[in-house]
Structures are given as structure tokens and as C-alpha cells.
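A.B. asks: I have a structure I would like to understand better, so I am pasting it below and will then ask my questions one at a time.
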Amino acid sequence: MDKETAKNIRKSLTADCTKCFGLCCTALNIVPSSDFPINKPAGIPCVNLQSDYSCQIHSSLREKGYKGCTVFDCLGAGQVVSQVTFKGQSWRDYSEVRDKMFRVFPIMEQIHEMIAYTSEALSYDIPNVFSEKLSVQLEELQDLTALDAEQLLALDLVTYRFPLNQLLSESSKYIREHLIAKLPGTKNSKNYNHERADWVGKKLSGTDLRAVDLRGAYLIAAEMRSADLRGADFIGADLRDADLRGANLSTGIFLTQMQVNSAKGDRKTTLPAHIQRPSHWDQ
Ligand code: SF4
């Protein structure tokens, strides 16, 4: 697969709530927290969900304590379940699809997440040994999105995740090593491996974090103002309330919309092309 096609696939993975039957507001189990003030069991519509599947408090979610709703991103899984898997049959009008639809939604979310990472990896200059395997994986994952509900419910996603994780990790290593080789100065003495680092609240403002491995790192409330995070691998990193104001993440690897939505930023924060600037960030 060529890089442009891969980039377009990655970019296309955005939620279109107008084509979704409010699945994130219904299917998921949400317990009260600082991000969501009420108890909402799985399969029960949120009290704020309207009959047209829009949110009654959409414009004031943060003020009303529903911060989590401004962070969540299904990567377009909601509209695919609603319009492709269930062919436009809503759980309100067709009660017989209700239970299956709610169980299929988190499965489709995981498939879309894997498609996002795979297509992003294919958008970089990587050797054929990686790109050929990733292309096969991507095709398989795309085929899964067309399965019917029964087939989706019977999937064992671990069999897809495990080989994919390995490939993504190797691809990231290759991409970052090539960037490191171009960096001047301390490249040989610097520690680039911070996988699963506990950097909760750590003061990292202005730091050069180019090409570091932040896979699964705990960056909650980390102060990363104006940090240089180009080429850093963010897969699975927890960026909740991390201060990214003025930071450069323009070539951050495997960064998701949900991670960015959960962080703090401003108009000076630089993001990859497939990530939208959150409307709740400082202007
Ligand atoms: S508050 Fe609005 S966006 Fe959040 S779950 Fe309820 S209906 Fe959905």
C-alpha cells in the first residue's frame, strides 16, 4: 500500500455522530467520577441523550461535569456499527438488535483502533519487510469491519492484536532510530527508552523529547509545556491533564485523538495532520 492511501485511511477514522445511534452514550458502562457525574450502566441511554441521538448538553459538557464526553473518541466505529453492521436499524426502532448492537460497538472500536495504528505505520518510510506485513494486517482488519454482528461477536481479537503489536513496535523503533541518527550532539548518551515511565506530574517543560519511546508511559498532569515531542511514540500513553501548551507533537507517533482530548493544550501546540485541535483547549 502506498503512503498516501495509508494516510487517507488514518485521516478517515473520525467520528460522525450524525450517522450513529448514540452508541457511546448508551452501550458503555460509565461509573461516576470527576469526568462523568452520574452512574450509567451499559445498555442504558444517558439521561442527556435526545430522541435524535444528539446530546442535550453538548455545548456545556465540561461546565456540567461531563468532561469525559469531550475526551471520548470512537474513531468512527459508531457510525460503522449503526450504518454498516446493522444497516441503519436503530436500537430504538428495532428492539431485537439492541443487545447485539451494544456488544458489537466495543469490538468495532478495537478494530478501528488497530486500523488507525496500522495505517499510520504504513504512512511512514519503513522497509518492505514491515510494510508488506502491515499491509496484509490492514486488509484483514478492514475486512473485519464488513462482518455481520454474529461474526463480529465471535472474533478473538487477541489473535490480531498480538502480531500487530510486535510489528508496530518494530516499525516505531525503525522510525525513531532514523530520526535519532539525524539528531546532533548527545544522541549516543541520551536515554530514548521511557516505555511505561512513571512521569506523573513530572516537570518536563521545554525538554527535548524527540524520538523517545513513551509507549504506555504515565504522563498524567506532566508539565510538558513547549516540549519537543517530534517522533516520540505515544502508543498507550496516558496523557490525561498533561500540559502540552506550546509543545511540538507534529510528528508524534501513534498519537490518538482521545489522548490529545484528555490533555491540555493551546493554539501553539503543534499536532499531526490526522488529529483535530480540541475545541476546549486554550485559544
Ligand atoms: S452527556 Fe451527552 S455526550 Fe455524554 S454520554 Fe450523555 S448524551 Fe452522551
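Identifiers for the C-alpha cells are assigned positionally: chains receive A, B, ... in sequence, residues are indexed from 1 per chain, and ligands are indexed from 1 in the order shown.
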Report the closest atom pair, with its distance in Å rounded to one decimal, for each residue of chain A that has an atom no farther than 12 Å from ligand 1; count only C-alpha atoms and all ligand atoms, sort by chain and then rising residue number, and write it as a tab-separated table.
C.D. replies:
residue	atom	partner	partner_atom_place_in_ligand_line	distance
A:Cys17	CA	ligand 1	3 (S)	10.0
A:Cys20	CA	ligand 1	8 (Fe)	11.6
A:Phe21	CA	ligand 1	8 (Fe)	10.7
A:Gly22	CA	ligand 1	8 (Fe)	6.9
A:Leu23	CA	ligand 1	8 (Fe)	8.4
A:Cys24	CA	ligand 1	8 (Fe)	6.6
A:Cys25	CA	ligand 1	5 (S)	3.9
A:Thr26	CA	ligand 1	5 (S)	7.1
A:Ala27	CA	ligand 1	5 (S)	9.7
A:Leu28	CA	ligand 1	5 (S)	8.9
A:Asn29	CA	ligand 1	5 (S)	10.1
A:Ile30	CA	ligand 1	5 (S)	8.6
A:Val31	CA	ligand 1	5 (S)	11.3
A:Pro32	CA	ligand 1	5 (S)	11.8
A:Asp35	CA	ligand 1	4 (Fe)	9.9
A:Phe36	CA	ligand 1	4 (Fe)	7.9
A:Pro37	CA	ligand 1	1 (S)	9.3
A:Ile38	CA	ligand 1	1 (S)	9.4
A:Asn39	CA	ligand 1	5 (S)	10.5
A:Lys40	CA	ligand 1	5 (S)	8.4
A:Pro41	CA	ligand 1	5 (S)	11.0
A:Ala42	CA	ligand 1	5 (S)	11.2
A:Gly43	CA	ligand 1	5 (S)	11.7
A:Ile44	CA	ligand 1	5 (S)	10.3
A:Pro45	CA	ligand 1	7 (S)	7.6
A:Cys46	CA	ligand 1	6 (Fe)	4.5
A:Val47	CA	ligand 1	6 (Fe)	6.3
A:Asn48	CA	ligand 1	7 (S)	4.3
A:Leu49	CA	ligand 1	7 (S)	3.8
A:Gln50	CA	ligand 1	7 (S)	7.2
A:Ser51	CA	ligand 1	7 (S)	10.4
A:Asp52	CA	ligand 1	7 (S)	10.8
A:Tyr53	CA	ligand 1	7 (S)	7.7
A:Ser54	CA	ligand 1	7 (S)	6.7
A:Cys55	CA	ligand 1	2 (Fe)	4.2
A:Gln56	CA	ligand 1	2 (Fe)	6.3
A:Ile57	CA	ligand 1	2 (Fe)	6.0
A:His58	CA	ligand 1	2 (Fe)	5.9
A:Ser59	CA	ligand 1	2 (Fe)	9.5
A:Ser60	CA	ligand 1	1 (S)	9.3
A:Leu61	CA	ligand 1	1 (S)	6.5
A:Arg62	CA	ligand 1	1 (S)	9.6
A:Glu63	CA	ligand 1	1 (S)	11.3
A:Lys64	CA	ligand 1	1 (S)	8.8
A:Gly65	CA	ligand 1	1 (S)	9.0
A:Tyr66	CA	ligand 1	1 (S)	5.9
A:Lys67	CA	ligand 1	4 (Fe)	8.3
A:Gly68	CA	ligand 1	4 (Fe)	7.4
A:Cys69	CA	ligand 1	4 (Fe)	4.6
A:Thr70	CA	ligand 1	3 (S)	7.4
A:Val71	CA	ligand 1	3 (S)	9.8
A:Phe72	CA	ligand 1	3 (S)	8.9
A:Asp73	CA	ligand 1	3 (S)	10.8
A.B. asks: What's around range 239-245 of chain A at 8 Å? Count only C-alpha atoms, leave out sequence neighbours fewer than 5 positions away in its own chain, and write the answer as an MDAnalysis selection string.
C.D. replies: chainID A and resid 201 218:227 259:260 262:269
A.B. asks: Using DSSP on the backbone coordinates, identify the residues of range 48-212 of chain A assigned to helix (DSSP H, G or I); present them as JSON, numbers by chain.
C.D. replies: {"A": [58, 59, 60, 67, 68, 69, 70, 71, 77, 78, 79, 80, 81, 82, 83, 84, 85, 95, 96, 97, 98, 99, 100, 101, 102, 103, 104, 105, 106, 107, 108, 109, 110, 111, 112, 113, 114, 115, 116, 117, 118, 119, 120, 121, 122, 128, 129, 130, 131, 132, 133, 134, 135, 136, 137, 138, 139, 140, 141, 142, 143, 144, 149, 150, 151, 152, 153, 158, 159, 160, 161, 162, 163, 164, 165, 166, 167, 168, 169, 170, 171, 172, 173, 174, 175, 176, 177, 178, 179, 180, 181, 182, 186, 187, 188]}
A.B. asks: Can you pull out every residue within 6 Å of Ala211 in chain A, counting only C-alpha atoms, but drop anything in the same chain fewer than 2 positions away, and send it as a list in words?
C.D. replies: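 Skipping anything fewer than 2 positions along the chain leaves Arg176, Gly231 and Ala232 of chain A.
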A.B. asks: Just the residues within 10 Å of Val84 in chain A, please, counting only C-alpha atoms, with nothing from its chain fewer than 4 positions along; format it as a PyMOL selection string.
C.D. replies: chain A and resi 78-80+88-89+145-148
A.B. asks: Would you mind telling me which residue in A:Phe162, A:Val104, A:Ile253, A:Gly246 lies nearest to Asp282 in chain A when using only C-alpha atoms?
C.D. replies: A:Gly246
A.B. asks: Can you work out the spacing between CA of Glu96 in chain A and CA of Glu109 in chain A in Å, to one decimal?
C.D. replies: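 According to the coordinates, CA of Glu96 in chain A and CA of Glu109 in chain A are separated by 21.7 Å.
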A.B. asks: Counting only C-alpha atoms, which residues in range 69-88 of chain A sit no more than 12 Å from range 150-158 of chain A? For each one, give the nearest pair of atoms and the distance in Å, sorted by chain then residue number, as a Markdown table.
C.D. replies:
| residue | atom | partner | partner_atom | distance |
| --- | --- | --- | --- | --- |
| A:Val81 | CA | A:Leu152 | CA | 10.4 |
| A:Thr85 | CA | A:Leu152 | CA | 9.2 |
| A:Phe86 | CA | A:Glu150 | CA | 11.1 |
A.B. asks: Once you have the residues from the selection above, write them out as a short mmCIF file (atom, residue, chain, number, x, y, z; two decimals), in the first residue's frame, restricted to N, CA and C atoms.
C.D. replies:
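Contents of the output file part_22.cif:
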data_model
loop_
_atom_site.label_atom_id
_atom_site.label_comp_id
_atom_site.auth_asym_id
_atom_site.auth_seq_id
_atom_site.Cartn_x
_atom_site.Cartn_y
_atom_site.Cartn_z
N VAL A 81 -20.95 0.66 12.95
CA VAL A 81 -21.87 -0.30 13.58
C VAL A 81 -23.32 0.06 13.20
N THR A 85 -22.93 -2.50 9.94
CA THR A 85 -23.27 -3.78 10.58
C THR A 85 -24.78 -3.95 10.71
N PHE A 86 -25.46 -2.90 11.16
CA PHE A 86 -26.91 -3.01 11.41
C PHE A 86 -27.74 -2.28 10.35
#
A.B. asks: From a DSSP pass on the backbone, collect the residues of range 35-231 of chain A flagged as strand (DSSP E or B) and hand them back as a PyMOL selection string.
C.D. replies: chain A and resi 36+40+49+55+193+198+203+208+213+218+223+228
